[in-house]
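Enquirer: Input structure: start.cif, which contains mmCIF, C-alpha atoms.
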```cif
data_work
#
loop_
_atom_site.label_atom_id
_atom_site.label_comp_id
_atom_site.auth_asym_id
_atom_site.auth_seq_id
_atom_site.Cartn_x
_atom_site.Cartn_y
_atom_site.Cartn_z
CA MET A 1 24.76 -6.03 11.63
CA PHE A 2 23.26 -7.13 8.31
CA VAL A 3 23.16 -10.59 9.81
CA LEU A 4 21.00 -9.21 12.63
CA ALA A 5 18.66 -7.52 10.14
CA THR A 6 18.40 -10.66 8.03
CA ALA A 7 17.75 -12.84 11.07
CA ALA A 8 15.01 -10.47 12.32
CA VAL A 9 13.34 -10.40 8.92
CA LEU A 10 13.47 -14.20 8.72
CA LEU A 11 11.95 -14.56 12.19
CA ALA A 12 9.15 -12.14 11.30
CA LEU A 13 8.63 -14.05 8.04
CA LEU A 14 8.27 -17.27 9.98
CA LEU A 15 5.60 -15.75 12.23
CA ALA A 16 3.75 -14.30 9.25
CA VAL A 17 3.77 -17.69 7.54
CA VAL A 18 2.39 -19.27 10.72
CA ARG A 19 -0.46 -16.76 10.56
CA ALA A 20 -0.99 -17.55 6.88
CA ILE A 21 -1.29 -21.25 7.69
CA ARG A 22 -3.48 -20.84 10.77
CA GLY A 23 -5.52 -17.80 9.71
CA PRO A 24 -9.19 -18.69 10.11
CA THR A 25 -10.50 -16.49 7.30
CA VAL A 26 -9.17 -15.89 3.83
CA PHE A 27 -8.52 -12.25 4.77
CA ASP A 28 -6.09 -13.30 7.48
CA ARG A 29 -4.20 -15.21 4.84
CA VAL A 30 -4.21 -12.29 2.43
CA LEU A 31 -2.98 -10.02 5.22
CA ALA A 32 -0.21 -12.47 6.05
CA GLY A 33 0.65 -12.72 2.37
CA ASN A 34 0.87 -8.95 2.09
CA THR A 35 3.14 -8.82 5.13
CA VAL A 36 5.31 -11.56 3.65
CA GLY A 37 5.64 -9.38 0.56
CA THR A 38 6.82 -6.39 2.60
CA LEU A 39 9.25 -8.57 4.52
CA ALA A 40 10.55 -10.05 1.28
CA ILE A 41 11.48 -6.57 0.08
CA LEU A 42 13.35 -5.94 3.33
CA LEU A 43 14.97 -9.37 3.13
CA LEU A 44 16.16 -8.69 -0.42
CA ALA A 45 17.55 -5.32 0.67
CA SER A 46 19.45 -6.69 3.66
CA ILE A 47 20.71 -9.78 1.84
CA GLY A 48 21.90 -7.49 -0.91
CA PHE A 49 24.01 -5.59 1.61
CA LEU A 50 25.07 -8.79 3.35
CA THR A 51 26.52 -10.30 0.21
CA GLY A 52 27.75 -6.96 -1.15
CA ARG A 53 25.45 -7.11 -4.17
CA PRO A 54 22.99 -4.22 -3.73
CA GLU A 55 21.51 -4.94 -7.16
CA PHE A 56 19.03 -7.06 -5.25
CA LEU A 57 17.22 -3.82 -4.44
CA ASP A 58 15.89 -3.61 -7.98
CA ILE A 59 14.35 -7.02 -7.56
CA GLY A 60 12.87 -5.81 -4.28
CA LEU A 61 11.22 -2.81 -5.94
CA THR A 62 9.72 -5.00 -8.63
CA TYR A 63 8.57 -7.45 -6.02
CA GLY A 64 6.82 -4.67 -4.12
CA LEU A 65 4.89 -3.56 -7.19
CA LEU A 66 3.86 -7.14 -8.01
CA ASN A 67 2.88 -7.73 -4.38
CA LEU A 68 0.40 -4.86 -4.50
CA ILE A 69 -1.17 -6.13 -7.71
CA GLY A 70 -1.32 -9.66 -6.34
CA THR A 71 -3.05 -8.53 -3.15
CA PHE A 72 -5.62 -6.60 -5.13
CA ALA A 73 -6.25 -9.47 -7.51
CA VAL A 74 -6.90 -11.90 -4.65
CA LEU A 75 -9.11 -9.42 -2.77
CA LYS A 76 -11.12 -8.59 -5.85
CA PHE A 77 -11.58 -12.25 -6.58
CA PHE A 78 -12.87 -13.02 -3.10
CA ARG A 79 -15.02 -9.94 -2.97
CA HIS A 80 -16.72 -10.29 -6.32
CA GLY A 81 -15.95 -13.88 -7.28
CA ASP A 82 -14.71 -12.48 -10.54
CA LEU A 83 -11.78 -10.33 -11.64
CA ALA A 84 -13.79 -8.39 -14.23
CA TYR A 85 -16.92 -7.57 -12.29
CA ASP A 86 -19.54 -5.03 -13.24
CA VAL A 87 -19.93 -2.10 -10.86
CA ASP A 88 -23.73 -2.33 -11.13
CA ASP A 89 -23.63 -5.88 -9.79
CA ASP A 90 -21.87 -4.68 -6.67
CA LYS A 91 -25.07 -3.95 -4.78
CA GLU A 92 -26.25 -7.54 -4.80
CA GLY A 93 -22.74 -8.92 -5.01
CA LYS A 94 -22.84 -10.41 -1.54
CA ALA A 95 -23.02 -13.94 -2.86
CA TRP A 96 -19.75 -14.89 -1.20
CA LYS A 97 -19.78 -14.98 2.54
CA MET B 1 33.01 9.94 10.64
CA GLU B 2 32.76 6.40 9.39
CA ILE B 3 32.40 5.17 12.95
CA ILE B 4 29.58 7.59 13.72
CA ALA B 5 27.66 6.55 10.61
CA ASP B 6 28.22 2.92 11.53
CA ALA B 7 26.96 3.47 15.06
CA ILE B 8 23.85 5.30 13.86
CA SER B 9 23.04 2.62 11.35
CA TRP B 10 23.58 -0.08 14.00
CA VAL B 11 21.04 1.58 16.27
CA LEU B 12 18.54 2.11 13.46
CA ILE B 13 18.83 -1.46 12.19
CA ALA B 14 18.53 -2.91 15.69
CA LEU B 15 15.43 -0.79 16.40
CA GLY B 16 13.94 -1.66 13.02
CA SER B 17 14.51 -5.37 13.65
CA PHE B 18 12.84 -5.04 17.03
CA PHE B 19 9.73 -3.45 15.52
CA LEU B 20 9.63 -6.02 12.72
CA VAL B 21 9.65 -8.92 15.15
CA SER B 22 7.16 -7.35 17.56
CA GLY B 23 4.81 -6.53 14.69
CA ALA B 24 5.00 -10.17 13.62
CA ILE B 25 4.30 -11.27 17.20
CA GLY B 26 1.24 -9.02 17.11
CA LEU B 27 0.17 -10.73 13.91
CA ILE B 28 0.04 -13.96 15.89
CA ARG B 29 -1.41 -12.63 19.14
CA MET B 30 -4.24 -10.40 17.97
CA PRO B 31 -7.74 -11.89 18.10
CA ASP B 32 -9.31 -10.92 14.75
CA VAL B 33 -8.40 -9.78 11.28
CA TYR B 34 -8.92 -6.05 11.90
CA THR B 35 -6.69 -5.90 14.95
CA ARG B 36 -4.09 -7.99 13.12
CA MET B 37 -3.98 -5.34 10.44
CA HIS B 38 -2.87 -2.82 13.05
CA ALA B 39 0.00 -5.09 14.00
CA ALA B 40 0.94 -5.57 10.35
CA SER B 41 1.03 -1.83 9.82
CA VAL B 42 3.75 -1.54 12.46
CA ILE B 43 5.89 -3.76 10.21
CA ASP B 44 4.95 -1.84 7.08
CA THR B 45 5.72 1.58 8.50
CA LEU B 46 8.10 1.97 11.41
CA GLY B 47 9.93 -1.36 11.14
CA ALA B 48 10.57 -1.06 7.42
CA MET B 49 11.46 2.62 7.65
CA LEU B 50 14.01 2.25 10.45
CA LEU B 51 15.65 -0.77 8.79
CA ILE B 52 15.93 1.02 5.46
CA LEU B 53 17.20 4.22 7.09
CA GLY B 54 19.90 2.09 8.71
CA LEU B 55 20.82 0.66 5.31
CA ILE B 56 20.91 4.21 3.87
CA PHE B 57 23.56 5.16 6.42
CA GLN B 58 25.59 2.20 5.19
CA ALA B 59 25.12 3.02 1.53
CA GLY B 60 26.30 6.61 1.75
CA PHE B 61 25.20 9.06 -0.91
CA THR B 62 24.95 6.97 -4.03
CA LEU B 63 22.22 5.85 -6.38
CA LEU B 64 21.60 3.11 -3.85
CA THR B 65 20.29 5.70 -1.38
CA LEU B 66 17.78 6.87 -3.95
CA LYS B 67 16.63 3.32 -4.58
CA LEU B 68 16.18 2.72 -0.86
CA LEU B 69 14.14 5.92 -0.70
CA PHE B 70 12.01 4.57 -3.54
CA VAL B 71 11.42 1.42 -1.52
CA ILE B 72 10.20 3.55 1.41
CA ALA B 73 7.98 5.61 -0.88
CA LEU B 74 6.57 2.44 -2.40
CA LEU B 75 5.69 1.03 1.00
CA PHE B 76 4.21 4.31 2.22
CA PHE B 77 2.07 4.96 -0.81
CA PHE B 78 0.83 1.46 -1.52
CA GLY B 79 0.70 0.01 1.98
CA PRO B 80 -2.38 1.99 3.09
CA VAL B 81 -4.11 1.33 -0.23
CA ALA B 82 -3.75 -2.41 0.26
CA SER B 83 -4.80 -2.21 3.95
CA HIS B 84 -7.86 -0.16 3.05
CA ALA B 85 -8.88 -2.62 0.33
CA LEU B 86 -8.36 -5.52 2.71
CA ALA B 87 -10.47 -3.97 5.49
CA GLN B 88 -13.22 -3.05 3.09
CA ALA B 89 -13.28 -6.51 1.52
CA ALA B 90 -13.41 -8.15 4.96
CA LEU B 91 -16.33 -5.91 6.02
CA HIS B 92 -18.05 -6.57 2.71
CA ALA B 93 -17.74 -10.31 3.25
CA GLY B 94 -19.57 -9.87 6.54
CA ILE B 95 -16.75 -10.65 8.95
CA GLU B 96 -17.78 -9.00 12.19
CA PRO B 97 -15.00 -7.28 14.11
CA ILE B 98 -14.53 -7.88 17.82
CA LEU B 99 -15.47 -4.52 19.28
CA ALA B 100 -15.20 -2.94 22.69
CA GLU B 101 -17.22 0.02 21.49
CA ASP B 102 -19.14 0.73 18.31
CA ARG B 103 -19.56 4.39 17.46
CA ARG B 104 -20.55 3.85 13.85
CA ALA B 105 -24.02 5.18 14.56
CA ARG B 106 -22.79 8.34 16.18
CA GLU B 107 -23.79 11.77 14.98
CA VAL B 108 -20.91 13.27 13.08
CA PRO B 109 -20.59 16.93 13.99
CA ALA B 110 -21.06 19.29 11.07
CA ALA B 111 -17.99 20.77 9.47
CA GLN B 112 -16.59 23.55 11.60
CA PRO B 113 -16.47 26.98 10.01
CA PRO B 114 -12.96 27.78 8.80
CA GLU B 115 -10.87 29.67 11.30
CA PRO B 116 -10.26 33.32 10.54
CA PRO B 117 -6.97 33.75 8.71
CA GLY B 118 -3.86 34.59 10.69
CA GLU B 119 -5.22 33.03 13.85
CA HIS B 120 -3.81 29.69 14.87
CA LYS B 121 -4.93 27.37 17.59
CA GLY B 122 -2.73 27.59 20.65
CA ALA B 123 -0.98 30.75 19.57
CA PRO B 124 -1.44 33.53 22.12
CA SER B 125 -3.26 36.45 20.64
CA ALA B 126 -1.13 39.56 20.67
CA MET C 1 1.99 21.88 -17.85
CA ARG C 2 0.91 18.91 -15.77
CA SER C 3 2.14 16.56 -18.50
CA LEU C 4 5.49 18.32 -18.52
CA VAL C 5 5.93 17.94 -14.76
CA LEU C 6 4.89 14.30 -15.04
CA ALA C 7 7.39 13.73 -17.85
CA ILE C 8 10.23 15.33 -15.88
CA ALA C 9 9.40 13.30 -12.79
CA LEU C 10 9.24 10.07 -14.79
CA PHE C 11 12.54 10.78 -16.51
CA LEU C 12 14.27 11.52 -13.19
CA PHE C 13 12.85 8.23 -11.95
CA TRP C 14 14.32 6.45 -14.97
CA LEU C 15 17.72 8.09 -14.42
CA ALA C 16 17.75 7.11 -10.75
CA LEU C 17 16.84 3.51 -11.39
CA SER C 18 19.02 2.94 -14.43
CA GLY C 19 22.46 4.16 -13.31
CA HIS C 20 23.82 3.75 -16.86
CA TYR C 21 24.03 6.90 -18.92
CA THR C 22 24.81 5.88 -22.49
CA PRO C 23 23.10 7.74 -25.35
CA PHE C 24 21.23 4.59 -26.36
CA LEU C 25 19.69 4.03 -22.91
CA LEU C 26 18.83 7.72 -22.51
CA THR C 27 16.97 7.64 -25.84
CA ILE C 28 15.06 4.55 -24.79
CA GLY C 29 14.22 6.30 -21.54
CA LEU C 30 12.89 9.36 -23.31
CA LEU C 31 10.77 7.17 -25.59
CA CYS C 32 9.34 5.31 -22.59
CA VAL C 33 8.52 8.57 -20.84
CA ALA C 34 6.82 9.92 -23.95
CA LEU C 35 4.78 6.75 -24.32
CA THR C 36 3.76 6.78 -20.64
CA VAL C 37 2.71 10.42 -20.71
CA PHE C 38 0.78 9.83 -23.93
CA VAL C 39 -1.07 6.83 -22.48
CA ALA C 40 -1.74 8.66 -19.20
CA SER C 41 -3.26 11.65 -20.99
CA ARG C 42 -5.34 9.33 -23.17
CA MET C 43 -6.65 7.76 -19.96
CA LEU C 44 -7.48 11.27 -18.67
CA ILE C 45 -5.62 10.66 -15.43
CA VAL C 46 -3.29 13.64 -15.74
CA ASP C 47 -5.53 15.93 -13.70
CA ASP C 48 -5.48 17.46 -10.23
CA GLU C 49 -6.57 14.14 -8.74
CA GLY C 50 -4.25 11.76 -10.56
CA GLN C 51 -1.20 13.96 -10.45
CA PRO C 52 -1.53 16.58 -7.70
CA MET C 53 1.65 18.53 -8.41
CA GLU C 54 0.39 21.52 -6.40
CA LEU C 55 0.95 19.46 -3.27
CA LEU C 56 4.57 18.68 -4.18
CA LEU C 57 6.13 21.68 -2.48
CA ALA C 58 4.20 21.32 0.75
CA ALA C 59 4.74 17.56 0.84
CA PRO C 60 8.14 17.27 2.63
CA ALA C 61 6.95 19.24 5.68
CA TYR C 62 3.77 17.18 5.84
CA TRP C 63 5.69 13.92 5.49
CA ALA C 64 8.04 14.91 8.29
CA TRP C 65 5.05 15.60 10.54
CA LEU C 66 3.43 12.32 9.48
CA TYR C 67 6.60 10.31 10.20
CA VAL C 68 6.63 11.62 13.75
CA GLU C 69 2.94 10.70 14.18
CA ILE C 70 3.61 7.23 12.75
CA ALA C 71 6.56 6.68 15.07
CA LYS C 72 4.52 7.75 18.12
CA SER C 73 1.55 5.52 17.39
CA ALA C 74 3.75 2.61 16.29
CA VAL C 75 5.41 2.69 19.71
CA THR C 76 1.95 2.70 21.32
CA VAL C 77 0.81 -0.29 19.27
CA THR C 78 4.06 -2.15 19.98
CA ARG C 79 3.50 -1.60 23.71
CA ILE C 80 0.03 -3.10 23.37
CA ILE C 81 1.36 -6.08 21.42
CA LEU C 82 4.09 -6.85 23.91
CA ASP C 83 1.88 -6.32 26.96
CA PRO C 84 1.05 -9.77 28.36
CA SER C 85 -2.58 -8.80 29.04
CA LEU C 86 -3.09 -7.44 25.48
CA PRO C 87 -5.05 -4.30 26.50
CA ILE C 88 -6.95 -3.69 23.27
CA SER C 89 -10.32 -1.98 23.02
CA PRO C 90 -11.23 -2.05 19.31
CA THR C 91 -13.53 0.79 18.34
CA PHE C 92 -15.37 1.69 15.18
CA THR C 93 -16.14 5.33 14.62
CA ARG C 94 -17.04 7.85 11.97
CA VAL C 95 -15.22 11.11 11.43
CA ARG C 96 -15.74 13.99 9.07
CA ALA C 97 -13.07 14.92 6.55
CA SER C 98 -13.09 18.63 5.82
CA GLN C 99 -10.76 18.55 2.80
CA LYS C 100 -11.90 20.34 -0.32
CA THR C 101 -10.13 18.30 -3.00
CA THR C 102 -10.17 14.57 -3.68
CA ALA C 103 -6.38 14.48 -3.41
CA GLY C 104 -6.64 16.02 0.06
CA LEU C 105 -9.32 13.53 1.06
CA ALA C 106 -7.18 10.64 -0.18
CA THR C 107 -4.22 12.05 1.73
CA TYR C 108 -6.26 12.18 4.93
CA ALA C 109 -7.71 8.68 4.53
CA ASN C 110 -4.32 7.19 3.69
CA SER C 111 -2.64 9.02 6.54
CA ILE C 112 -5.15 7.51 8.94
CA THR C 113 -4.48 4.05 7.54
CA LEU C 114 -0.73 4.57 7.51
CA THR C 115 -0.68 5.45 11.19
CA PRO C 116 -0.55 2.16 13.09
CA GLY C 117 -3.58 1.75 15.31
CA THR C 118 -6.15 3.28 12.98
CA ILE C 119 -7.49 2.04 9.64
CA THR C 120 -9.93 3.74 7.29
CA THR C 121 -12.44 1.10 6.28
CA GLY C 122 -14.81 3.17 4.20
CA VAL C 123 -15.35 6.56 2.61
CA GLU C 124 -18.76 8.02 1.95
CA ASN C 125 -18.65 11.53 0.56
CA ASP C 126 -16.87 13.29 3.42
CA ILE C 127 -17.51 10.78 6.19
CA LEU C 128 -14.77 8.26 6.94
CA THR C 129 -15.39 5.03 8.82
CA VAL C 130 -12.37 4.26 10.98
CA HIS C 131 -11.38 1.19 12.96
CA ALA C 132 -9.09 1.95 15.88
CA ILE C 133 -7.32 -0.61 18.02
CA ILE C 134 -7.78 1.34 21.24
CA ARG C 135 -10.44 3.81 22.29
CA GLU C 136 -7.91 6.63 22.59
CA GLY C 137 -7.05 6.33 18.89
CA ALA C 138 -10.69 6.92 17.96
CA ASP C 139 -10.90 9.81 20.42
CA ASP C 140 -7.85 11.47 18.85
CA LEU C 141 -9.35 11.27 15.37
CA GLU C 142 -12.68 12.61 16.55
CA ALA C 143 -10.83 15.57 18.05
CA GLY C 144 -9.68 16.27 14.50
CA GLY C 145 -6.00 17.20 14.91
CA MET C 146 -4.89 15.27 11.84
CA ASP C 147 -7.82 16.55 9.81
CA LYS C 148 -6.71 20.08 10.55
CA ARG C 149 -3.10 19.32 9.61
CA VAL C 150 -4.11 17.79 6.26
CA ARG C 151 -6.33 20.78 5.52
CA GLN C 152 -3.43 23.06 6.25
CA PHE C 153 -1.20 20.96 3.97
CA GLU C 154 -3.81 21.23 1.25
CA GLY C 155 -4.19 24.95 1.83
CA ASP C 156 -0.45 25.62 1.67
CA ALA C 157 -0.25 24.30 -1.83
#
```
Before we go any further, please render this structure as structure tokens.
Expert:
Amino acid sequence: MFVLATAAVLLALLLAVVRAIRGPTVFDRVLAGNTVGTLAILLLASIGFLTGRPEFLDIGLTYGLLNLIGTFAVLKFFRHGDLAYDVDDDKEGKAWK
Amino acid sequence: MEIIADAISWVLIALGSFFLVSGAIGLIRMPDVYTRMHAASVIDTLGAMLLILGLIFQAGFTLLTLKLLFVIALLFFFGPVASHALAQAALHAGIEPILAEDRRAREVPAAQPPEPPGEHKGAPSA
Amino acid sequence: MRSLVLAIALFLFWLALSGHYTPFLLTIGLLCVALTVFVASRMLIVDDEGQPMELLLAAPAYWAWLYVEIAKSAVTVTRIILDPSLPISPTFTRVRASQKTTAGLATYANSITLTPGTITTGVENDILTVHAIIREGADDLEAGGMDKRVRQFEGDA
């Protein structure tokens, strides 16, 4: 049954990667990347059970936290063109389109 | 007892796998980034939750269960935050959504006055 | 008081993740918790918005209700995805959030986003902009059932 879970996660991962490659806008790619992160947590969990080494879950938790930060960093970069933007610049910050 | 737990976790994992794959199919099929986010949220919520619940039934009551619950909590607290940031950034970048209907200009009704205490909607008045 | 609750929660978190209970590791854990609480209070985020402990008791009932909502709408979205004709009708709408506290408002906005089929794309004071994948999703939010439930959750606390 863990084989089924792992196979399903891998299939979903494949589709998400296809979207990341094809995605017309950068936001499609970020969305696909975020989904890949979620699926990686699930993959780590089910592989941990599959191989009888549930310690993988700790790696999964860490991965989830890093995934969130990574998504935000990329979004902030594409929204403001800068990771340390000034809030006052936000009004005219539509330089990137 | 063992068999029942196994059966339940089988069903949960199979259902979770189904939702994972169909969410990923939606990620491919949907026409624009906003609708794709709806498909992705099926993966993030129901698919992940069912799969992890299935794993919990396998783990029994150990520290592992707690860690799996933390994984669920992580996904449920941070998933919407990331989705919200993504949608806002996409709108900010001027990506127009495909819309069947745009009600953004609609008048939002004023806040309703709070209901009198002790009276609930749908409850027959005595 | 808030700091104390935060410290207890953080230490329980440490205990659950560590799984090793030697005096050395417990001491390290306590030190980490103390440092975290100190930094958090220096950052002034230990307030009713950053750490809404009043909501803690009412949370399980609300989560149970939310899980059911999520499951229902996830099934709806899955039906749409797997339907060969892809019957989507994306709709943008604005709804009013009637919550009194920022934590309640955040709960409402995140609950909308968490439910498959609806995403909060913007918050302006108490008006939320919501993108729904089908018209019915927008209609449901405009009817305000979830808003009422979140207000009740907030009021219970």
Enquirer: Please expand the PyMOL selection byres ((chain A and resi 62-75) around 9) into the concrete residues it hits in this file, giving the result as an MDAnalysis selection string.
Expert: (chainID A and resid 27 30:31 33:34 37:38 40:41 57:61 76:80 83) or (chainID B and resid 71 74:75 78:79 81:82 85:86 89:90)
Enquirer: Running the PyMOL selection byres ((chain C) within 12 of (chain A)) on this model by hand, what would come out? Give it as a compact mmCIF listing (two decimals) with C-alpha atoms, in the frame of the given file.
Expert:
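The result, stored in expr.txt:
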```txt
# COMPACT_ATOMS: atom_id res chain seq x y z
CA ALA C 16 17.75 7.11 -10.75
CA LEU C 17 16.84 3.51 -11.39
CA SER C 18 19.02 2.94 -14.43
CA GLY C 19 22.46 4.16 -13.31
```
Enquirer: Identify which of the residues B:Leu66, B:Ala59, B:Met1, B:Ala100 lies closest to A:Gly52, counting all atoms listed in the file when measuring atom-to-atom distances.
Expert: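 Ranked by minimum distance to A:Gly52, first place goes to B:Ala59.
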Enquirer: Around (12.1, -6.8, 3.8) in the file's frame, which residues reach within 10 Å when counting all atoms listed in the file? Return as an NGL selection string?
Expert: (:A and (5-6 or 8-10 or 12-13 or 35-47 or 60 or 64)) or (:B and (20 or 43-44 or 47-48 or 51-52 or 71))
Enquirer: What would the selection look like, as a list in words, if the PyMOL selection byres ((chain C) within 7 of (chain B)) were run on the coordinates I just shared?
Expert: Ala16, Leu17, Ala71, Ala74, Thr78, Ile81, Ser89, Pro90, Thr91, Phe92, Thr93, Arg94, Val95, Arg96, Ser98, Asn110, Thr113, Leu114, Pro116, Gly117, Thr118, Ile119, Thr120, Thr121, Gly122 and Ile133 of chain C
Enquirer: Could you pull the residues within 9 Å of C:Asp48, counting all atoms listed in the file, minus those fewer than 2 positions along the same chain, as number ranges by chain?
Expert: C: 2, 45-46, 50-54, 101-103
Enquirer: How many Å separate atom CA of B:Leu12 from atom CA of A:Thr51?
Expert: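 Computing it gives 19.8 Å between the two atoms.
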Enquirer: What separation in Å, quoted to one decimal, exists between atom CA of B:Phe57 and atom CA of B:Ser9?
Expert: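 It comes out at 5.6 Å.
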Enquirer: To one decimal place in Å, what is the distance between atom CA of C:Leu55 and atom CA of B:Gly54?
Expert: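 These two atoms are separated by 28.4 Å.
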Enquirer: Axis-aligned box over every listed atom of stretch 101-104 of chain B, padded by 4 Å per side: centre and edges in Å to one decimal, as AutoDock Vina command-line options?
Expert:
```
--center_x -18.9 --center_y 2.2 --center_z 17.7 --size_x 11.3 --size_y 12.4 --size_z 15.6
```
Enquirer: Would you mind listing what lies within 10 Å of C:Gly155 as JSON, numbers by chain, with all atoms listed in the file counted and same-chain residues fewer than 4 positions away left out?
Expert: {"C": [55, 58, 99, 100, 104, 149, 150, 151]}
Enquirer: I need stretch 61-79 of chain C written out with N, CA and C atoms, as an mmCIF file, in the first residue's frame; please produce it.
Expert:
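What landed in selection-v1.cif:
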```cif
data_model
loop_
_atom_site.group_PDB
_atom_site.id
_atom_site.type_symbol
_atom_site.label_atom_id
_atom_site.label_comp_id
_atom_site.auth_asym_id
_atom_site.auth_seq_id
_atom_site.Cartn_x
_atom_site.Cartn_y
_atom_site.Cartn_z
ATOM 1 N N ALA C 61 -13.139 22.417 17.405
ATOM 2 C CA ALA C 61 -14.480 22.333 16.816
ATOM 3 C C ALA C 61 -14.514 23.037 15.467
ATOM 4 N N TYR C 62 -13.839 24.203 15.404
ATOM 5 C CA TYR C 62 -13.828 24.938 14.146
ATOM 6 C C TYR C 62 -13.095 24.153 13.069
ATOM 7 N N TRP C 63 -11.947 23.546 13.456
ATOM 8 C CA TRP C 63 -11.181 22.776 12.477
ATOM 9 C C TRP C 63 -11.996 21.606 11.943
ATOM 10 N N ALA C 64 -12.719 20.939 12.848
ATOM 11 C CA ALA C 64 -13.529 19.805 12.407
ATOM 12 C C ALA C 64 -14.539 20.266 11.361
ATOM 13 N N TRP C 65 -15.189 21.405 11.641
ATOM 14 C CA TRP C 65 -16.167 21.950 10.696
ATOM 15 C C TRP C 65 -15.480 22.292 9.375
ATOM 16 N N LEU C 66 -14.274 22.891 9.486
ATOM 17 C CA LEU C 66 -13.556 23.329 8.288
ATOM 18 C C LEU C 66 -13.139 22.127 7.439
ATOM 19 N N TYR C 67 -12.705 21.032 8.116
ATOM 20 C CA TYR C 67 -12.298 19.836 7.367
ATOM 21 C C TYR C 67 -13.447 19.319 6.522
ATOM 22 N N VAL C 68 -14.649 19.320 7.120
ATOM 23 C CA VAL C 68 -15.806 18.826 6.372
ATOM 24 C C VAL C 68 -16.055 19.712 5.155
ATOM 25 N N GLU C 69 -15.982 21.045 5.362
ATOM 26 C CA GLU C 69 -16.167 21.980 4.240
ATOM 27 C C GLU C 69 -15.132 21.730 3.153
ATOM 28 N N ILE C 70 -13.857 21.540 3.578
ATOM 29 C CA ILE C 70 -12.770 21.319 2.624
ATOM 30 C C ILE C 70 -13.046 20.053 1.824
ATOM 31 N N ALA C 71 -13.454 18.985 2.532
ATOM 32 C CA ALA C 71 -13.688 17.721 1.841
ATOM 33 C C ALA C 71 -14.789 17.888 0.811
ATOM 34 N N LYS C 72 -15.888 18.588 1.210
ATOM 35 C CA LYS C 72 -17.007 18.772 0.279
ATOM 36 C C LYS C 72 -16.568 19.515 -0.963
ATOM 37 N N SER C 73 -15.865 20.655 -0.769
ATOM 38 C CA SER C 73 -15.540 21.445 -1.954
ATOM 39 C C SER C 73 -14.406 20.798 -2.749
ATOM 40 N N ALA C 74 -13.545 20.026 -2.085
ATOM 41 C CA ALA C 74 -12.499 19.328 -2.839
ATOM 42 C C ALA C 74 -13.124 18.308 -3.783
ATOM 43 N N VAL C 75 -14.176 17.628 -3.298
ATOM 44 C CA VAL C 75 -14.857 16.667 -4.173
ATOM 45 C C VAL C 75 -15.474 17.399 -5.359
ATOM 46 N N THR C 76 -16.079 18.577 -5.099
ATOM 47 C CA THR C 76 -16.660 19.357 -6.194
ATOM 48 C C THR C 76 -15.603 19.718 -7.224
ATOM 49 N N VAL C 77 -14.451 20.225 -6.738
ATOM 50 C CA VAL C 77 -13.400 20.649 -7.669
ATOM 51 C C VAL C 77 -12.857 19.450 -8.438
ATOM 52 N N THR C 78 -12.715 18.306 -7.757
ATOM 53 C CA THR C 78 -12.219 17.109 -8.437
ATOM 54 C C THR C 78 -13.175 16.686 -9.547
ATOM 55 N N ARG C 79 -14.484 16.776 -9.276
ATOM 56 C CA ARG C 79 -15.485 16.479 -10.308
ATOM 57 C C ARG C 79 -15.266 17.365 -11.522
#
```
